[in-house]
Amino acid sequence: MAESKSKILIIGVTGNLGFELAKASLNASHRTLGLGSLQDEESLVKYLKQVDVVICAVSAKQVLDQKLLVPAIKRAGCIKRFFPSEFGLDPDKTQISHLDHDFYLRKSQIRRLVEAEGIPYTYICCNFYTSYLLPSLVQPGLQAPQETKSVYLEMEMLKELWFTEVFVSLTGVFVKETDVAAFTISTVDDPCTLNKVLYLRPPGNTLSMNELVDIWEKKIGKSLERNYISEEELLKKIHETPYPDNMQMVFIYSAFVKGDPTYFDIESSNGVEGTQLYPRIKYTTIGEYLDTLL
């Protein structure tokens, strides 16, 4: 007799990712409850006692609100796995703590709290959504790709190393929210992902800015003017631009200068790569996504 699938509570179900998670959960025949936001501890415990797994998809502004959720999970005593609200770069691996106004530190704090309480977990590190930065071809402040010009980064200090093995990983990784949800739900009852990080680095969706512009040029049938700025110039712009308006540039710096999405190898002791673990899942490639912008 087949083992029954876990019952799932999705918190933040009214957001884009939460909505996609709910759809993916139902499509995979999981019984699913949804909450729009975090509530008081007593109400949370009531919901938690009805499920086996909790997936939190609240916004980045609400990440620390999970400090209320963690003790509620501990009290409920029935949760077999918790997915805290991450769904971005690995907060323990980023190298921009001096720039990001504790954006990733807050996520790391929730990790440490979960681990200290001994709650079973899976962390989802999907890097960037295709809906973020990609519609503008990674041009800060723009909403759609330019047909005539693309401004992107050149690390002047690394010119001679650009094609060495050390720096080929200076890329962004983009995954559609629908696909993030599909990979996440696939892990729910999978022992291979328990107490590990699920990284998403889909082949074809891990690209440098040069490669991204090359793809767009082929689609529009014209060459773009490529204006280069140095790392120092980008940092100057970040510091001169008020928070939070500078955060797009901070994330660009993180990915395309520091190489935060891919500079490290995934260690099997605490991490797995989603497209290798679940090759059956068909994901949207960057090329396919860019077709929707034409």
# chains A, B, ... in the order shown; residues from 1 in each chain; ligands from 1
call {"tool": "residues_around", "arguments": {"residues": "His30 in chain A", "least_positions_apart": "2", "cutoff": "6 Å", "atoms": "only C-alpha atoms", "output": "count of residues only"}}
result
6
call {"tool": "select_by_dssp", "arguments": {"residues": "range 114-290 of chain A", "states": "helix (DSSP H, G or I)", "output": "PDB file with N, CA, C and O atoms, in the first residue's frame"}}
result
ATOM      1  N   VAL A 114      15.953  27.572  13.811  1.00  0.00           N
ATOM      2  CA  VAL A 114      15.374  26.279  13.433  1.00  0.00           C
ATOM      3  C   VAL A 114      16.294  25.141  13.871  1.00  0.00           C
ATOM      4  O   VAL A 114      15.847  24.145  14.459  1.00  0.00           O
ATOM      5  N   GLU A 115      17.573  25.295  13.596  1.00  0.00           N
ATOM      6  CA  GLU A 115      18.534  24.246  13.928  1.00  0.00           C
ATOM      7  C   GLU A 115      18.683  24.088  15.438  1.00  0.00           C
ATOM      8  O   GLU A 115      18.793  22.961  15.946  1.00  0.00           O
ATOM      9  N   ALA A 116      18.674  25.205  16.158  1.00  0.00           N
ATOM     10  CA  ALA A 116      18.807  25.145  17.613  1.00  0.00           C
ATOM     11  C   ALA A 116      17.625  24.422  18.256  1.00  0.00           C
ATOM     12  O   ALA A 116      17.784  23.748  19.279  1.00  0.00           O
ATOM     13  N   LEU A 134      15.538  39.912 -14.705  1.00  0.00           N
ATOM     14  CA  LEU A 134      15.595  39.384 -16.066  1.00  0.00           C
ATOM     15  C   LEU A 134      14.730  40.162 -17.056  1.00  0.00           C
ATOM     16  O   LEU A 134      15.147  40.366 -18.199  1.00  0.00           O
ATOM     17  N   PRO A 135      13.521  40.626 -16.676  1.00  0.00           N
ATOM     18  CA  PRO A 135      12.724  41.393 -17.647  1.00  0.00           C
ATOM     19  C   PRO A 135      13.408  42.657 -18.146  1.00  0.00           C
ATOM     20  O   PRO A 135      13.084  43.151 -19.225  1.00  0.00           O
ATOM     21  N   SER A 136      14.342  43.191 -17.385  1.00  0.00           N
ATOM     22  CA  SER A 136      15.067  44.395 -17.807  1.00  0.00           C
ATOM     23  C   SER A 136      16.439  44.061 -18.371  1.00  0.00           C
ATOM     24  O   SER A 136      17.235  44.960 -18.650  1.00  0.00           O
ATOM     25  N   GLU A 156      37.398  45.359 -13.375  1.00  0.00           N
ATOM     26  CA  GLU A 156      38.685  45.768 -13.936  1.00  0.00           C
ATOM     27  C   GLU A 156      39.852  45.054 -13.258  1.00  0.00           C
ATOM     28  O   GLU A 156      40.860  44.749 -13.878  1.00  0.00           O
ATOM     29  N   MET A 157      39.704  44.772 -11.969  1.00  0.00           N
ATOM     30  CA  MET A 157      40.786  44.102 -11.267  1.00  0.00           C
ATOM     31  C   MET A 157      40.966  42.667 -11.763  1.00  0.00           C
ATOM     32  O   MET A 157      42.009  42.052 -11.547  1.00  0.00           O
ATOM     33  N   LEU A 158      39.937  42.109 -12.417  1.00  0.00           N
ATOM     34  CA  LEU A 158      39.969  40.704 -12.795  1.00  0.00           C
ATOM     35  C   LEU A 158      40.100  40.504 -14.293  1.00  0.00           C
ATOM     36  O   LEU A 158      39.869  39.422 -14.789  1.00  0.00           O
ATOM     37  N   LYS A 159      40.447  41.553 -15.036  1.00  0.00           N
ATOM     38  CA  LYS A 159      40.461  41.449 -16.495  1.00  0.00           C
ATOM     39  C   LYS A 159      41.242  40.227 -16.987  1.00  0.00           C
ATOM     40  O   LYS A 159      40.785  39.483 -17.843  1.00  0.00           O
ATOM     41  N   GLU A 160      42.416  40.016 -16.432  1.00  0.00           N
ATOM     42  CA  GLU A 160      43.261  38.936 -16.923  1.00  0.00           C
ATOM     43  C   GLU A 160      42.753  37.563 -16.469  1.00  0.00           C
ATOM     44  O   GLU A 160      43.178  36.544 -16.979  1.00  0.00           O
ATOM     45  N   LEU A 161      41.841  37.553 -15.484  1.00  0.00           N
ATOM     46  CA  LEU A 161      41.354  36.290 -14.932  1.00  0.00           C
ATOM     47  C   LEU A 161      39.963  35.943 -15.418  1.00  0.00           C
ATOM     48  O   LEU A 161      39.409  34.931 -15.016  1.00  0.00           O
ATOM     49  N   GLU A 177       9.036  31.171 -10.962  1.00  0.00           N
ATOM     50  CA  GLU A 177       8.373  30.846  -9.699  1.00  0.00           C
ATOM     51  C   GLU A 177       7.611  29.531  -9.772  1.00  0.00           C
ATOM     52  O   GLU A 177       7.606  28.744  -8.818  1.00  0.00           O
ATOM     53  N   THR A 178       6.962  29.278 -10.911  1.00  0.00           N
ATOM     54  CA  THR A 178       6.238  28.023 -11.084  1.00  0.00           C
ATOM     55  C   THR A 178       7.163  26.833 -10.917  1.00  0.00           C
ATOM     56  O   THR A 178       6.800  25.815 -10.308  1.00  0.00           O
ATOM     57  N   ASP A 179       8.371  26.948 -11.448  1.00  0.00           N
ATOM     58  CA  ASP A 179       9.343  25.850 -11.362  1.00  0.00           C
ATOM     59  C   ASP A 179       9.916  25.732  -9.954  1.00  0.00           C
ATOM     60  O   ASP A 179      10.152  24.617  -9.465  1.00  0.00           O
ATOM     61  N   VAL A 180      10.146  26.863  -9.301  1.00  0.00           N
ATOM     62  CA  VAL A 180      10.588  26.831  -7.903  1.00  0.00           C
ATOM     63  C   VAL A 180       9.583  26.055  -7.062  1.00  0.00           C
ATOM     64  O   VAL A 180       9.949  25.208  -6.237  1.00  0.00           O
ATOM     65  N   ALA A 181       8.310  26.318  -7.283  1.00  0.00           N
ATOM     66  CA  ALA A 181       7.256  25.626  -6.542  1.00  0.00           C
ATOM     67  C   ALA A 181       7.279  24.130  -6.825  1.00  0.00           C
ATOM     68  O   ALA A 181       7.153  23.307  -5.907  1.00  0.00           O
ATOM     69  N   ALA A 182       7.441  23.747  -8.100  1.00  0.00           N
ATOM     70  CA  ALA A 182       7.447  22.331  -8.463  1.00  0.00           C
ATOM     71  C   ALA A 182       8.604  21.589  -7.788  1.00  0.00           C
ATOM     72  O   ALA A 182       8.427  20.480  -7.264  1.00  0.00           O
ATOM     73  N   PHE A 183       9.789  22.185  -7.803  1.00  0.00           N
ATOM     74  CA  PHE A 183      10.938  21.551  -7.157  1.00  0.00           C
ATOM     75  C   PHE A 183      10.727  21.471  -5.647  1.00  0.00           C
ATOM     76  O   PHE A 183      11.046  20.462  -5.011  1.00  0.00           O
ATOM     77  N   THR A 184      10.190  22.541  -5.060  1.00  0.00           N
ATOM     78  CA  THR A 184       9.969  22.566  -3.614  1.00  0.00           C
ATOM     79  C   THR A 184       9.028  21.455  -3.183  1.00  0.00           C
ATOM     80  O   THR A 184       9.321  20.698  -2.241  1.00  0.00           O
ATOM     81  N   ILE A 185       7.892  21.330  -3.858  1.00  0.00           N
ATOM     82  CA  ILE A 185       6.909  20.311  -3.479  1.00  0.00           C
ATOM     83  C   ILE A 185       7.470  18.905  -3.678  1.00  0.00           C
ATOM     84  O   ILE A 185       7.139  17.984  -2.927  1.00  0.00           O
ATOM     85  N   SER A 186       8.358  18.736  -4.649  1.00  0.00           N
ATOM     86  CA  SER A 186       8.961  17.422  -4.876  1.00  0.00           C
ATOM     87  C   SER A 186       9.810  16.963  -3.694  1.00  0.00           C
ATOM     88  O   SER A 186      10.014  15.763  -3.491  1.00  0.00           O
ATOM     89  N   THR A 187      10.310  17.911  -2.903  1.00  0.00           N
ATOM     90  CA  THR A 187      11.189  17.553  -1.782  1.00  0.00           C
ATOM     91  C   THR A 187      10.428  17.153  -0.524  1.00  0.00           C
ATOM     92  O   THR A 187      11.013  16.581   0.394  1.00  0.00           O
ATOM     93  N   PRO A 191      13.421  11.818   1.555  1.00  0.00           N
ATOM     94  CA  PRO A 191      14.448  11.797   2.608  1.00  0.00           C
ATOM     95  C   PRO A 191      15.802  12.330   2.144  1.00  0.00           C
ATOM     96  O   PRO A 191      16.624  12.719   2.978  1.00  0.00           O
ATOM     97  N   CYS A 192      16.020  12.371   0.828  1.00  0.00           N
ATOM     98  CA  CYS A 192      17.301  12.865   0.303  1.00  0.00           C
ATOM     99  C   CYS A 192      17.506  14.354   0.567  1.00  0.00           C
ATOM    100  O   CYS A 192      18.625  14.850   0.486  1.00  0.00           O
ATOM    101  N   THR A 193      16.418  15.071   0.851  1.00  0.00           N
ATOM    102  CA  THR A 193      16.524  16.518   1.053  1.00  0.00           C
ATOM    103  C   THR A 193      16.289  16.928   2.504  1.00  0.00           C
ATOM    104  O   THR A 193      16.278  18.131   2.801  1.00  0.00           O
ATOM    105  N   MET A 209      26.396  37.883 -17.783  1.00  0.00           N
ATOM    106  CA  MET A 209      25.674  38.957 -18.455  1.00  0.00           C
ATOM    107  C   MET A 209      25.973  38.977 -19.945  1.00  0.00           C
ATOM    108  O   MET A 209      25.105  39.281 -20.761  1.00  0.00           O
ATOM    109  N   ASN A 210      27.202  38.632 -20.314  1.00  0.00           N
ATOM    110  CA  ASN A 210      27.541  38.520 -21.740  1.00  0.00           C
ATOM    111  C   ASN A 210      26.655  37.493 -22.430  1.00  0.00           C
ATOM    112  O   ASN A 210      26.106  37.736 -23.510  1.00  0.00           O
ATOM    113  N   GLU A 211      26.517  36.325 -21.814  1.00  0.00           N
ATOM    114  CA  GLU A 211      25.710  35.249 -22.408  1.00  0.00           C
ATOM    115  C   GLU A 211      24.242  35.647 -22.489  1.00  0.00           C
ATOM    116  O   GLU A 211      23.562  35.340 -23.479  1.00  0.00           O
ATOM    117  N   LEU A 212      23.759  36.336 -21.469  1.00  0.00           N
ATOM    118  CA  LEU A 212      22.370  36.778 -21.460  1.00  0.00           C
ATOM    119  C   LEU A 212      22.100  37.769 -22.599  1.00  0.00           C
ATOM    120  O   LEU A 212      21.107  37.659 -23.328  1.00  0.00           O
ATOM    121  N   VAL A 213      23.007  38.723 -22.764  1.00  0.00           N
ATOM    122  CA  VAL A 213      22.859  39.696 -23.841  1.00  0.00           C
ATOM    123  C   VAL A 213      22.962  39.021 -25.205  1.00  0.00           C
ATOM    124  O   VAL A 213      22.225  39.360 -26.134  1.00  0.00           O
ATOM    125  N   ASP A 214      23.853  38.035 -25.327  1.00  0.00           N
ATOM    126  CA  ASP A 214      23.974  37.298 -26.592  1.00  0.00           C
ATOM    127  C   ASP A 214      22.641  36.658 -26.983  1.00  0.00           C
ATOM    128  O   ASP A 214      22.226  36.713 -28.145  1.00  0.00           O
ATOM    129  N   ILE A 215      21.977  36.048 -26.018  1.00  0.00           N
ATOM    130  CA  ILE A 215      20.688  35.396 -26.286  1.00  0.00           C
ATOM    131  C   ILE A 215      19.656  36.423 -26.744  1.00  0.00           C
ATOM    132  O   ILE A 215      18.917  36.212 -27.713  1.00  0.00           O
ATOM    133  N   TRP A 216      19.624  37.573 -26.055  1.00  0.00           N
ATOM    134  CA  TRP A 216      18.638  38.600 -26.397  1.00  0.00           C
ATOM    135  C   TRP A 216      18.904  39.183 -27.782  1.00  0.00           C
ATOM    136  O   TRP A 216      17.974  39.424 -28.571  1.00  0.00           O
ATOM    137  N   GLU A 217      20.178  39.383 -28.107  1.00  0.00           N
ATOM    138  CA  GLU A 217      20.527  39.915 -29.426  1.00  0.00           C
ATOM    139  C   GLU A 217      20.040  38.987 -30.537  1.00  0.00           C
ATOM    140  O   GLU A 217      19.530  39.437 -31.572  1.00  0.00           O
ATOM    141  N   LYS A 218      20.206  37.681 -30.354  1.00  0.00           N
ATOM    142  CA  LYS A 218      19.734  36.728 -31.360  1.00  0.00           C
ATOM    143  C   LYS A 218      18.220  36.798 -31.516  1.00  0.00           C
ATOM    144  O   LYS A 218      17.685  36.664 -32.625  1.00  0.00           O
ATOM    145  N   LYS A 219      17.521  37.036 -30.431  1.00  0.00           N
ATOM    146  CA  LYS A 219      16.064  37.057 -30.483  1.00  0.00           C
ATOM    147  C   LYS A 219      15.536  38.316 -31.165  1.00  0.00           C
ATOM    148  O   LYS A 219      14.521  38.273 -31.870  1.00  0.00           O
ATOM    149  N   ILE A 220      16.210  39.460 -30.950  1.00  0.00           N
ATOM    150  CA  ILE A 220      15.721  40.703 -31.549  1.00  0.00           C
ATOM    151  C   ILE A 220      16.378  40.989 -32.894  1.00  0.00           C
ATOM    152  O   ILE A 220      15.989  41.936 -33.599  1.00  0.00           O
ATOM    153  N   GLU A 231      33.925  47.555 -11.189  1.00  0.00           N
ATOM    154  CA  GLU A 231      33.413  47.215  -9.861  1.00  0.00           C
ATOM    155  C   GLU A 231      33.381  48.447  -8.972  1.00  0.00           C
ATOM    156  O   GLU A 231      32.415  48.680  -8.230  1.00  0.00           O
ATOM    157  N   GLU A 232      34.427  49.252  -9.050  1.00  0.00           N
ATOM    158  CA  GLU A 232      34.486  50.459  -8.213  1.00  0.00           C
ATOM    159  C   GLU A 232      33.365  51.435  -8.552  1.00  0.00           C
ATOM    160  O   GLU A 232      32.766  52.047  -7.662  1.00  0.00           O
ATOM    161  N   GLU A 233      33.074  51.573  -9.853  1.00  0.00           N
ATOM    162  CA  GLU A 233      31.990  52.475 -10.264  1.00  0.00           C
ATOM    163  C   GLU A 233      30.636  51.969  -9.775  1.00  0.00           C
ATOM    164  O   GLU A 233      29.787  52.755  -9.340  1.00  0.00           O
ATOM    165  N   LEU A 234      30.429  50.660  -9.832  1.00  0.00           N
ATOM    166  CA  LEU A 234      29.168  50.095  -9.358  1.00  0.00           C
ATOM    167  C   LEU A 234      29.024  50.296  -7.857  1.00  0.00           C
ATOM    168  O   LEU A 234      27.959  50.693  -7.366  1.00  0.00           O
ATOM    169  N   LEU A 235      30.096  50.048  -7.113  1.00  0.00           N
ATOM    170  CA  LEU A 235      30.042  50.265  -5.666  1.00  0.00           C
ATOM    171  C   LEU A 235      29.746  51.725  -5.333  1.00  0.00           C
ATOM    172  O   LEU A 235      29.000  52.024  -4.400  1.00  0.00           O
ATOM    173  N   LYS A 236      30.312  52.635  -6.109  1.00  0.00           N
ATOM    174  CA  LYS A 236      30.061  54.055  -5.897  1.00  0.00           C
ATOM    175  C   LYS A 236      28.571  54.364  -6.111  1.00  0.00           C
ATOM    176  O   LYS A 236      27.959  55.090  -5.312  1.00  0.00           O
ATOM    177  N   LYS A 237      27.989  53.794  -7.156  1.00  0.00           N
ATOM    178  CA  LYS A 237      26.565  54.010  -7.419  1.00  0.00           C
ATOM    179  C   LYS A 237      25.702  53.426  -6.304  1.00  0.00           C
ATOM    180  O   LYS A 237      24.697  54.020  -5.899  1.00  0.00           O
ATOM    181  N   ILE A 238      26.098  52.260  -5.794  1.00  0.00           N
ATOM    182  CA  ILE A 238      25.354  51.634  -4.695  1.00  0.00           C
ATOM    183  C   ILE A 238      25.355  52.538  -3.473  1.00  0.00           C
ATOM    184  O   ILE A 238      24.320  52.762  -2.832  1.00  0.00           O
ATOM    185  N   HIS A 239      26.528  53.075  -3.139  1.00  0.00           N
ATOM    186  CA  HIS A 239      26.642  53.908  -1.939  1.00  0.00           C
ATOM    187  C   HIS A 239      25.954  55.264  -2.111  1.00  0.00           C
ATOM    188  O   HIS A 239      25.471  55.843  -1.132  1.00  0.00           O
ATOM    189  N   GLU A 240      25.902  55.747  -3.343  1.00  0.00           N
ATOM    190  CA  GLU A 240      25.283  57.058  -3.590  1.00  0.00           C
ATOM    191  C   GLU A 240      23.754  56.977  -3.678  1.00  0.00           C
ATOM    192  O   GLU A 240      23.075  57.989  -3.531  1.00  0.00           O
ATOM    193  N   MET A 247      18.983  48.399  -3.880  1.00  0.00           N
ATOM    194  CA  MET A 247      19.065  46.957  -3.673  1.00  0.00           C
ATOM    195  C   MET A 247      19.189  46.155  -4.965  1.00  0.00           C
ATOM    196  O   MET A 247      19.831  45.108  -4.987  1.00  0.00           O
ATOM    197  N   GLN A 248      18.592  46.634  -6.055  1.00  0.00           N
ATOM    198  CA  GLN A 248      18.803  45.935  -7.322  1.00  0.00           C
ATOM    199  C   GLN A 248      20.281  45.898  -7.668  1.00  0.00           C
ATOM    200  O   GLN A 248      20.808  44.853  -8.091  1.00  0.00           O
ATOM    201  N   MET A 249      20.962  47.013  -7.488  1.00  0.00           N
ATOM    202  CA  MET A 249      22.399  47.056  -7.778  1.00  0.00           C
ATOM    203  C   MET A 249      23.186  46.178  -6.817  1.00  0.00           C
ATOM    204  O   MET A 249      24.191  45.563  -7.201  1.00  0.00           O
ATOM    205  N   VAL A 250      22.736  46.087  -5.568  1.00  0.00           N
ATOM    206  CA  VAL A 250      23.393  45.220  -4.594  1.00  0.00           C
ATOM    207  C   VAL A 250      23.294  43.757  -5.036  1.00  0.00           C
ATOM    208  O   VAL A 250      24.274  43.008  -4.995  1.00  0.00           O
ATOM    209  N   PHE A 251      22.116  43.359  -5.497  1.00  0.00           N
ATOM    210  CA  PHE A 251      21.937  41.976  -5.939  1.00  0.00           C
ATOM    211  C   PHE A 251      22.740  41.691  -7.214  1.00  0.00           C
ATOM    212  O   PHE A 251      23.276  40.594  -7.393  1.00  0.00           O
ATOM    213  N   ILE A 252      22.818  42.687  -8.097  1.00  0.00           N
ATOM    214  CA  ILE A 252      23.641  42.532  -9.306  1.00  0.00           C
ATOM    215  C   ILE A 252      25.108  42.379  -8.919  1.00  0.00           C
ATOM    216  O   ILE A 252      25.826  41.531  -9.453  1.00  0.00           O
ATOM    217  N   TYR A 253      25.559  43.193  -7.987  1.00  0.00           N
ATOM    218  CA  TYR A 253      26.937  43.097  -7.496  1.00  0.00           C
ATOM    219  C   TYR A 253      27.190  41.718  -6.898  1.00  0.00           C
ATOM    220  O   TYR A 253      28.226  41.080  -7.151  1.00  0.00           O
ATOM    221  N   SER A 254      26.241  41.240  -6.106  1.00  0.00           N
ATOM    222  CA  SER A 254      26.366  39.940  -5.468  1.00  0.00           C
ATOM    223  C   SER A 254      26.565  38.826  -6.488  1.00  0.00           C
ATOM    224  O   SER A 254      27.449  37.974  -6.345  1.00  0.00           O
ATOM    225  N   ALA A 255      25.745  38.839  -7.546  1.00  0.00           N
ATOM    226  CA  ALA A 255      25.787  37.753  -8.519  1.00  0.00           C
ATOM    227  C   ALA A 255      26.924  37.896  -9.512  1.00  0.00           C
ATOM    228  O   ALA A 255      27.708  36.963  -9.728  1.00  0.00           O
ATOM    229  N   PHE A 256      27.037  39.084 -10.124  1.00  0.00           N
ATOM    230  CA  PHE A 256      27.898  39.223 -11.290  1.00  0.00           C
ATOM    231  C   PHE A 256      29.289  39.761 -10.985  1.00  0.00           C
ATOM    232  O   PHE A 256      30.144  39.797 -11.865  1.00  0.00           O
ATOM    233  N   GLY A 274      18.725  20.583  -7.426  1.00  0.00           N
ATOM    234  CA  GLY A 274      17.381  20.144  -7.743  1.00  0.00           C
ATOM    235  C   GLY A 274      17.206  19.518  -9.113  1.00  0.00           C
ATOM    236  O   GLY A 274      16.504  18.514  -9.257  1.00  0.00           O
ATOM    237  N   THR A 275      17.837  20.098 -10.144  1.00  0.00           N
ATOM    238  CA  THR A 275      17.623  19.558 -11.489  1.00  0.00           C
ATOM    239  C   THR A 275      18.305  18.205 -11.669  1.00  0.00           C
ATOM    240  O   THR A 275      17.889  17.407 -12.512  1.00  0.00           O
ATOM    241  N   GLN A 276      19.328  17.935 -10.868  1.00  0.00           N
ATOM    242  CA  GLN A 276      19.953  16.613 -10.899  1.00  0.00           C
ATOM    243  C   GLN A 276      19.131  15.602 -10.116  1.00  0.00           C
ATOM    244  O   GLN A 276      19.007  14.433 -10.517  1.00  0.00           O
ATOM    245  N   LEU A 277      18.556  16.043  -9.008  1.00  0.00           N
ATOM    246  CA  LEU A 277      17.777  15.148  -8.161  1.00  0.00           C
ATOM    247  C   LEU A 277      16.421  14.821  -8.789  1.00  0.00           C
ATOM    248  O   LEU A 277      15.922  13.700  -8.653  1.00  0.00           O
ATOM    249  N   ILE A 286      15.860  30.211 -19.710  1.00  0.00           N
ATOM    250  CA  ILE A 286      15.950  31.660 -19.892  1.00  0.00           C
ATOM    251  C   ILE A 286      15.531  32.041 -21.301  1.00  0.00           C
ATOM    252  O   ILE A 286      14.823  33.035 -21.503  1.00  0.00           O
ATOM    253  N   GLY A 287      15.957  31.258 -22.270  1.00  0.00           N
ATOM    254  CA  GLY A 287      15.563  31.551 -23.650  1.00  0.00           C
ATOM    255  C   GLY A 287      14.062  31.533 -23.829  1.00  0.00           C
ATOM    256  O   GLY A 287      13.489  32.403 -24.491  1.00  0.00           O
ATOM    257  N   GLU A 288      13.396  30.550 -23.231  1.00  0.00           N
ATOM    258  CA  GLU A 288      11.935  30.462 -23.316  1.00  0.00           C
ATOM    259  C   GLU A 288      11.277  31.639 -22.598  1.00  0.00           C
ATOM    260  O   GLU A 288      10.278  32.172 -23.064  1.00  0.00           O
ATOM    261  N   TYR A 289      11.847  32.011 -21.457  1.00  0.00           N
ATOM    262  CA  TYR A 289      11.267  33.147 -20.733  1.00  0.00           C
ATOM    263  C   TYR A 289      11.416  34.442 -21.525  1.00  0.00           C
ATOM    264  O   TYR A 289      10.497  35.237 -21.612  1.00  0.00           O
ATOM    265  N   LEU A 290      12.593  34.654 -22.121  1.00  0.00           N
ATOM    266  CA  LEU A 290      12.816  35.873 -22.902  1.00  0.00           C
ATOM    267  C   LEU A 290      11.880  35.935 -24.097  1.00  0.00           C
ATOM    268  O   LEU A 290      11.517  37.042 -24.544  1.00  0.00           O
TER     269      LEU A 290
END
call {"tool": "select_by_dssp", "arguments": {"residues": "range 64-294 of chain A", "states": "strand (DSSP E)", "output": "NGL selection string"}}
result
:A and (81-83 or 122-125 or 128-129 or 149-153 or 172-175 or 196-199 or 206-207 or 225-229 or 271-273)
call {"tool": "closest_residue", "arguments": {"among": "A:Gln66, A:Gln50, A:Ser59, A:Thr285", "to": "Leu38 in chain A", "atoms": "only C-alpha atoms"}}
result
A:Gln66
call {"tool": "atom_distance", "arguments": {"atom1": "CA of Asp102 in chain A", "atom2": "CA of Pro84 in chain A"}}
result
16.8 Å
call {"tool": "atom_distance", "arguments": {"atom1": "CA of Tyr132 in chain A", "atom2": "CA of Ala144 in chain A"}}
result
10.8 Å
call {"tool": "atom_distance", "arguments": {"atom1": "CA of Tyr243 in chain A", "atom2": "CA of Leu99 in chain A"}}
result
9.8 Å
call {"tool": "residues_around", "arguments": {"residues": "range 13-18 of chain A", "least_positions_apart": "5", "cutoff": "10 Å", "atoms": "only C-alpha atoms", "output": "list in words"}}
result
Lys23, Ala24, Leu33, Gly34, Leu35, Gly36, Ser37, Ile55, Cys56, Ala57, Val58, Ser59, Phe87, Tyr129, Lys176, Glu177, Thr178, Asp179, Val180 and Ala181 of chain A
